[in-house]
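Novice: Before we start, here is the structure in question, set down as C-alpha cells.
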Amino acid sequence: MIVEVEAYRGSGDPASHAFRGRTKRNEVMFGPAGHAYVYFTMGVHNCLNVTTEGDGMPGAVLIRAIEPTEGLDLMRRNRGLDETRRLAAGPGNLTKALGIGRELNGEDLVRSRILFLERGENIRGIGVSTRVGVGAGKSFRWRFFARDNPFVSKGKPSVRSQNP
DNA sequence: CTCGTGATTGACT
DNA sequence: GTCAATCACGAGC
C-alpha cells in the first residue's frame with residue numbers, strides 16, 4: 001500500500017528532471033501517463049515514478065514509501081534487513097525491496113503483468129509537506145503521506161515552501 | 001533520538 | 001567538472 005508520494009512537473013517546477021526540457025533520461029516523463037519512470041541517483045539508488053499528464057506535458061509522481069502487505073520474506077531478502085517498518089520506507093529502499101531496476105523504465109503500468117498498481121482502501125488522514133531532498137527555493141508542498149503511518153520514510157522536508 | 005558525513009554512478013552543463 | 005528527487009552508519013546527546 002502506497003503511503004508516501006511526491007509530485008513533479010516539468011513546467012514551473014524547478015525541482016523536476018524535466019524542467020529544462022527533454023533529455024535521454026527523462027523522456028518517459030514526456031510520454032503518456034501511467035508508465036514507470038525509473039531513474040538512478042546518487043550513484044547508488046533507483047527511484048520509481050508513475051508518469052502523469054502525458055501528451056508532451058512532462059509529469060510524474062515519485063513513490064517514496066509503501067506499507068508492505070505481502071511478499072515480506074522476499075522483501076527482507078532483497079534488503080538484507082528484518083525490520084518491517086524500514087523495508088520500503090524511502091524511494092531507494094522501496095525499489096530495492098521490490099527488485100525494481102532501470103529495466104522497468106518506461107513499463108506500461110496499465111498493461112504490464114510485471115509491475116502494476118491495484119486499487120486499495122482509501123487512506124484516511126493525508127498529510128502535506130514540502131518535498132524531501134529538494135532545495136528550499138524549489139520546494140512546493142507536493143509531498144503527500146499517510147499521517148500516523150509508521151511506514152512513511154524519515155526524510156526531512158525542506159523548510160520553506162511556496163505553492164504555485 | 002538527531003546530526004554529519006562518505007559512498008559511488010552517470011547525466012548534464 | 002559538478003552534483004544529484006538517498007541511505008547507512010557512527011558520534012553525541
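The way I read the labels, and the way they are meant: chains A, B, ... in the order of the C-alpha cells, residue 1 as the first residue of every chain, and ligand 1 as the first ligand shown, with later ones counted on from there.
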Starting from chain C, keep only residues with some atom at most 8 Å from an atom of chain A, counting only C-alpha atoms (C1' of nucleotides), and report them as a PyMOL selection string.

Specialist: chain C and resi 4-7

Novice: Save the residues we just selected, N, CA and C atoms (P, O5', C5', C4', C3', O3' and C1' of nucleotides), as a PDB file, in the first residue's frame?

Specialist:
ATOM      1  P    DA C   4      22.966  19.185  -6.154  1.00  0.00           P
ATOM      2  O5'  DA C   4      21.730  18.243  -6.529  1.00  0.00           O
ATOM      3  C5'  DA C   4      21.307  18.140  -7.867  1.00  0.00           C
ATOM      4  C4'  DA C   4      21.008  16.696  -8.206  1.00  0.00           C
ATOM      5  C3'  DA C   4      20.163  15.956  -7.166  1.00  0.00           C
ATOM      6  O3'  DA C   4      19.214  15.150  -7.851  1.00  0.00           O
ATOM      7  C1'  DA C   4      22.121  14.744  -7.615  1.00  0.00           C
ATOM      8  P    DA C   5      17.735  15.779  -7.920  1.00  0.00           P
ATOM      9  O5'  DA C   5      16.889  14.979  -6.861  1.00  0.00           O
ATOM     10  C5'  DA C   5      16.739  15.413  -5.506  1.00  0.00           C
ATOM     11  C4'  DA C   5      15.657  14.582  -4.836  1.00  0.00           C
ATOM     12  C3'  DA C   5      15.921  13.078  -4.846  1.00  0.00           C
ATOM     13  O3'  DA C   5      15.268  12.446  -3.743  1.00  0.00           O
ATOM     14  C1'  DA C   5      14.034  13.543  -6.154  1.00  0.00           C
ATOM     15  P    DT C   6      16.080  12.270  -2.341  1.00  0.00           P
ATOM     16  O5'  DT C   6      17.153  11.128  -2.658  1.00  0.00           O
ATOM     17  C5'  DT C   6      16.729   9.823  -3.081  1.00  0.00           C
ATOM     18  C4'  DT C   6      17.489   8.765  -2.323  1.00  0.00           C
ATOM     19  C3'  DT C   6      17.044   8.578  -0.870  1.00  0.00           C
ATOM     20  O3'  DT C   6      16.773   7.200  -0.676  1.00  0.00           O
ATOM     21  C1'  DT C   6      19.390   8.832  -0.975  1.00  0.00           C
ATOM     22  P    DC C   7      16.174   6.646   0.675  1.00  0.00           P
ATOM     23  O5'  DC C   7      17.453   6.008   1.364  1.00  0.00           O
ATOM     24  C5'  DC C   7      18.126   4.968   0.663  1.00  0.00           C
ATOM     25  C4'  DC C   7      19.369   4.575   1.414  1.00  0.00           C
ATOM     26  C3'  DC C   7      19.129   4.226   2.879  1.00  0.00           C
ATOM     27  O3'  DC C   7      19.609   2.919   3.112  1.00  0.00           O
ATOM     28  C1'  DC C   7      20.947   5.751   2.640  1.00  0.00           C
TER      29       DC C   7
END

Novice: Just list as a ChimeraX atom specification whatever in chain A DSSP marks as strand (DSSP E).

Specialist: /A:2-9,36-41,45-51,59-66,126-129,143-146

Novice: Fewer than 3 positions away in the same chain doesn't count, so skip those; otherwise give me all residues within 12 Å of DG10 of chain C, counting only C-alpha atoms (C1' of nucleotides), as a ChimeraX atom specification.

Specialist: /B:3-6

Novice: I need the residues from that last selection saved to file as a PDB file, in the first residue's frame (with N, CA and C atoms (P, O5', C5', C4', C3', O3' and C1' of nucleotides)), if you can.

Specialist:
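Here's the written file again.pdb:
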ATOM      1  P    DC B   3      18.623  17.696  13.948  1.00  0.00           P
ATOM      2  O5'  DC B   3      20.173  17.484  13.660  1.00  0.00           O
ATOM      3  C5'  DC B   3      21.121  17.786  14.680  1.00  0.00           C
ATOM      4  C4'  DC B   3      22.480  17.260  14.251  1.00  0.00           C
ATOM      5  C3'  DC B   3      22.845  17.627  12.809  1.00  0.00           C
ATOM      6  O3'  DC B   3      24.036  18.396  12.806  1.00  0.00           O
ATOM      7  C1'  DC B   3      23.255  15.323  13.261  1.00  0.00           C
ATOM      8  P    DG B   4      24.526  19.097  11.425  1.00  0.00           P
ATOM      9  O5'  DG B   4      25.724  18.135  10.990  1.00  0.00           O
ATOM     10  C5'  DG B   4      26.715  17.787  11.952  1.00  0.00           C
ATOM     11  C4'  DG B   4      27.685  16.804  11.332  1.00  0.00           C
ATOM     12  C3'  DG B   4      28.093  17.140   9.903  1.00  0.00           C
ATOM     13  O3'  DG B   4      29.498  16.953   9.791  1.00  0.00           O
ATOM     14  C1'  DG B   4      27.156  14.963   9.972  1.00  0.00           C
ATOM     15  P    DT B   5      30.256  17.363   8.414  1.00  0.00           P
ATOM     16  O5'  DT B   5      30.496  15.941   7.761  1.00  0.00           O
ATOM     17  C5'  DT B   5      31.066  14.907   8.567  1.00  0.00           C
ATOM     18  C4'  DT B   5      31.028  13.609   7.799  1.00  0.00           C
ATOM     19  C3'  DT B   5      31.387  13.759   6.306  1.00  0.00           C
ATOM     20  O3'  DT B   5      32.358  12.791   5.962  1.00  0.00           O
ATOM     21  C1'  DT B   5      29.401  12.540   6.553  1.00  0.00           C
ATOM     22  P    DG B   6      33.372  13.057   4.744  1.00  0.00           P
ATOM     23  O5'  DG B   6      33.484  11.591   4.152  1.00  0.00           O
ATOM     24  C5'  DG B   6      33.417  10.469   5.041  1.00  0.00           C
ATOM     25  C4'  DG B   6      32.909   9.261   4.292  1.00  0.00           C
ATOM     26  C3'  DG B   6      33.380   9.195   2.835  1.00  0.00           C
ATOM     27  O3'  DG B   6      33.674   7.845   2.522  1.00  0.00           O
ATOM     28  C1'  DG B   6      31.008   9.238   2.907  1.00  0.00           C
TER      29       DG B   6
END

Novice: What lies within 12 Å of Leu109 of chain A using only C-alpha atoms (C1' of nucleotides), ignoring chain neighbours under 5 positions off, as a PDB file with N, CA and C atoms, in the first residue's frame?

Specialist:
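Final file, around.pdb:
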ATOM      1  N   PRO A  32       3.128   9.157 -22.483  1.00  0.00           N
ATOM      2  CA  PRO A  32       1.783   9.016 -21.921  1.00  0.00           C
ATOM      3  C   PRO A  32       1.804   8.753 -20.415  1.00  0.00           C
ATOM      4  N   ALA A  33       0.708   9.047 -19.772  1.00  0.00           N
ATOM      5  CA  ALA A  33       0.588   8.814 -18.332  1.00  0.00           C
ATOM      6  C   ALA A  33       0.483   7.324 -18.041  1.00  0.00           C
ATOM      7  N   GLY A  34       0.795   6.969 -16.804  1.00  0.00           N
ATOM      8  CA  GLY A  34       0.625   5.587 -16.376  1.00  0.00           C
ATOM      9  C   GLY A  34       1.773   4.670 -16.721  1.00  0.00           C
ATOM     10  N   HIS A  35       2.937   5.248 -17.018  1.00  0.00           N
ATOM     11  CA  HIS A  35       4.127   4.439 -17.258  1.00  0.00           C
ATOM     12  C   HIS A  35       5.121   4.638 -16.108  1.00  0.00           C
ATOM     13  N   ALA A  36       6.026   3.677 -15.963  1.00  0.00           N
ATOM     14  CA  ALA A  36       7.051   3.784 -14.926  1.00  0.00           C
ATOM     15  C   ALA A  36       8.201   4.657 -15.417  1.00  0.00           C
ATOM     16  N   TYR A  37       8.604   5.594 -14.584  1.00  0.00           N
ATOM     17  CA  TYR A  37       9.846   6.346 -14.822  1.00  0.00           C
ATOM     18  C   TYR A  37      10.800   5.943 -13.717  1.00  0.00           C
ATOM     19  N   LEU A  48      11.425   5.028  -8.242  1.00  0.00           N
ATOM     20  CA  LEU A  48      10.270   4.700  -9.080  1.00  0.00           C
ATOM     21  C   LEU A  48       9.247   5.831  -9.099  1.00  0.00           C
ATOM     22  N   ASN A  49       8.872   6.217 -10.314  1.00  0.00           N
ATOM     23  CA  ASN A  49       7.806   7.210 -10.501  1.00  0.00           C
ATOM     24  C   ASN A  49       6.719   6.636 -11.385  1.00  0.00           C
ATOM     25  N   VAL A  50       5.532   7.215 -11.278  1.00  0.00           N
ATOM     26  CA  VAL A  50       4.460   6.937 -12.224  1.00  0.00           C
ATOM     27  C   VAL A  50       4.233   8.210 -13.022  1.00  0.00           C
ATOM     28  N   THR A  51       4.285   8.105 -14.336  1.00  0.00           N
ATOM     29  CA  THR A  51       4.117   9.312 -15.150  1.00  0.00           C
ATOM     30  C   THR A  51       2.676   9.803 -15.112  1.00  0.00           C
ATOM     31  N   THR A  52       2.544  11.112 -15.295  1.00  0.00           N
ATOM     32  CA  THR A  52       1.233  11.753 -15.308  1.00  0.00           C
ATOM     33  C   THR A  52       1.170  12.656 -16.529  1.00  0.00           C
ATOM     34  N   LEU A 104      12.904  -1.569 -15.992  1.00  0.00           N
ATOM     35  CA  LEU A 104      11.459  -1.318 -15.984  1.00  0.00           C
ATOM     36  C   LEU A 104      11.122   0.127 -16.350  1.00  0.00           C
ATOM     37  N   ILE A 114       4.146  -7.403 -14.918  1.00  0.00           N
ATOM     38  CA  ILE A 114       5.290  -7.428 -14.014  1.00  0.00           C
ATOM     39  C   ILE A 114       5.148  -6.379 -12.926  1.00  0.00           C
ATOM     40  N   LEU A 115       4.766  -5.178 -13.349  1.00  0.00           N
ATOM     41  CA  LEU A 115       4.679  -4.054 -12.417  1.00  0.00           C
ATOM     42  C   LEU A 115       3.393  -3.284 -12.683  1.00  0.00           C
ATOM     43  N   PHE A 116       2.554  -3.212 -11.672  1.00  0.00           N
ATOM     44  CA  PHE A 116       1.272  -2.523 -11.854  1.00  0.00           C
ATOM     45  C   PHE A 116       0.713  -2.124 -10.491  1.00  0.00           C
ATOM     46  N   LEU A 117      -0.337  -1.333 -10.524  1.00  0.00           N
ATOM     47  CA  LEU A 117      -0.971  -0.861  -9.296  1.00  0.00           C
ATOM     48  C   LEU A 117      -2.367  -1.449  -9.197  1.00  0.00           C
ATOM     49  N   GLU A 118      -2.796  -1.668  -7.959  1.00  0.00           N
ATOM     50  CA  GLU A 118      -4.170  -2.087  -7.737  1.00  0.00           C
ATOM     51  C   GLU A 118      -4.837  -1.071  -6.839  1.00  0.00           C
TER      52      GLU A 118
END

Novice: Would you compute the distance between atom CA of Asn105 of chain A and atom CA of Val61 of chain A? Give it in Å to one decimal.

Specialist: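 Between atom CA of Asn105 of chain A and atom CA of Val61 of chain A the gap is 13.9 Å.
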
Novice: May I ask you to extract the residues of chain B within 10 Å of chain A, using only C-alpha atoms (C1' of nucleotides), and to give them as a list in words?

Specialist: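 Applying the cut-off to the listed atoms yields DA7, DT8, DT9, DG10, DA11 and DC12 of chain B.
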
Novice: For those residues, write N, CA and C atoms (P, O5', C5', C4', C3', O3' and C1' of nucleotides) to a file as a short mmCIF file (atom, residue, chain, number, x, y, z; two decimals), in the first residue's frame.

Specialist:
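So again_4.cif came out as:
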data_model
loop_
_atom_site.label_atom_id
_atom_site.label_comp_id
_atom_site.auth_asym_id
_atom_site.auth_seq_id
_atom_site.Cartn_x
_atom_site.Cartn_y
_atom_site.Cartn_z
P DA B 7 34.28 7.48 1.08
"O5'" DA B 7 33.04 6.69 0.47
"C5'" DA B 7 32.42 5.66 1.23
"C4'" DA B 7 31.31 5.03 0.41
"C3'" DA B 7 31.67 4.85 -1.07
"O3'" DA B 7 31.18 3.61 -1.51
"C1'" DA B 7 29.74 6.19 -0.87
P DT B 8 32.04 2.77 -2.57
"O5'" DT B 8 31.33 3.22 -3.91
"C5'" DT B 8 29.97 2.88 -4.12
"C4'" DT B 8 29.46 3.62 -5.34
"C3'" DT B 8 30.51 3.74 -6.46
"O3'" DT B 8 29.86 3.46 -7.67
"C1'" DT B 8 29.62 5.84 -5.95
P DT B 9 30.80 3.06 -8.97
"O5'" DT B 9 29.76 3.36 -10.13
"C5'" DT B 9 28.42 2.90 -9.99
"C4'" DT B 9 27.50 3.88 -10.67
"C3'" DT B 9 27.90 4.20 -12.11
"O3'" DT B 9 26.84 3.75 -12.93
"C1'" DT B 9 27.39 6.18 -10.89
P DG B 10 26.96 3.69 -14.52
"O5'" DG B 10 26.28 5.06 -14.96
"C5'" DG B 10 25.02 5.39 -14.40
"C4'" DG B 10 24.71 6.83 -14.72
"C3'" DG B 10 25.09 7.26 -16.14
"O3'" DG B 10 24.13 8.17 -16.57
"C1'" DG B 10 26.07 8.70 -14.64
P DA B 11 23.33 7.92 -17.93
"O5'" DA B 11 22.43 9.23 -17.97
"C5'" DA B 11 21.74 9.61 -16.79
"C4'" DA B 11 21.76 11.12 -16.63
"C3'" DA B 11 21.68 11.89 -17.95
"O3'" DA B 11 20.73 12.91 -17.77
"C1'" DA B 11 23.56 12.61 -16.70
P DC B 12 20.21 13.72 -19.05
"O5'" DC B 12 20.91 15.12 -18.81
"C5'" DC B 12 20.75 15.75 -17.53
"C4'" DC B 12 21.78 16.86 -17.37
"C3'" DC B 12 21.89 17.78 -18.58
"O3'" DC B 12 21.60 19.10 -18.17
"C1'" DC B 12 24.02 17.14 -17.78
#

Novice: What is the distance, in Å and to one decimal place, between atom CA of Ile2 of chain A and atom CA of Asn149 of chain A?

Specialist: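 About the pair atom CA of Ile2 of chain A and atom CA of Asn149 of chain A: they are 10.7 Å apart.
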
Novice: Report, in Å to a single decimal, how far apart atom CA of Gly54 of chain A and atom CA of Val3 of chain A are.

Specialist: 24.0 Å

Novice: Once DSSP has gone over the backbone, tell me which residues of chain A are in helix (DSSP H, G or I), as a list of chain:residue names.

Specialist: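 Across chain A, those assigned helix (DSSP H, G or I) are A:Glu27, A:Val28, A:Met29, A:Phe30, A:Leu72, A:Asp73, A:Leu74, A:Met75, A:Arg76, A:Arg77, A:Asn78, A:Arg79, A:Thr84, A:Arg85, A:Arg86, A:Pro91, A:Gly92, A:Asn93, A:Leu94, A:Thr95, A:Lys96, A:Ala97, A:Leu98, A:Arg102, A:Glu103, A:Leu104, A:Ala136, A:Gly137, A:Lys138.
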
Novice: Could those residues be written to a file, using C-alpha atoms, as a short mmCIF file (atom, residue, chain, number, x, y, z; two decimals), in the first residue's frame?

Specialist:
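The result, written out as selection_7.cif:
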data_model
loop_
_atom_site.label_atom_id
_atom_site.label_comp_id
_atom_site.auth_asym_id
_atom_site.auth_seq_id
_atom_site.Cartn_x
_atom_site.Cartn_y
_atom_site.Cartn_z
CA GLU A 27 11.99 11.21 -21.89
CA VAL A 28 9.37 8.89 -20.43
CA MET A 29 8.10 11.82 -18.35
CA PHE A 30 7.08 13.37 -21.66
CA LEU A 72 7.55 -9.81 3.16
CA ASP A 73 10.09 -12.62 3.04
CA LEU A 74 11.26 -11.67 -0.44
CA MET A 75 11.48 -8.03 0.53
CA ARG A 76 13.54 -8.89 3.58
CA ARG A 77 15.87 -10.94 1.43
CA ASN A 78 16.24 -8.15 -1.15
CA ARG A 79 17.03 -5.65 1.57
CA THR A 84 9.43 -4.43 8.53
CA ARG A 85 8.99 -0.72 9.21
CA ARG A 86 12.06 0.17 7.19
CA PRO A 91 12.38 5.68 -2.60
CA GLY A 92 15.71 3.86 -2.78
CA ASN A 93 14.72 1.32 -0.17
CA LEU A 94 11.42 0.73 -1.91
CA THR A 95 12.91 -0.17 -5.30
CA LYS A 96 15.46 -2.42 -3.65
CA ALA A 97 12.79 -4.22 -1.63
CA LEU A 98 10.63 -4.75 -4.71
CA ARG A 102 16.02 0.56 -14.73
CA GLU A 103 15.00 -2.31 -16.99
CA LEU A 104 11.46 -1.32 -15.98
CA ALA A 136 14.25 25.17 -0.38
CA GLY A 137 13.77 27.63 -3.19
CA LYS A 138 12.28 24.94 -5.40
#
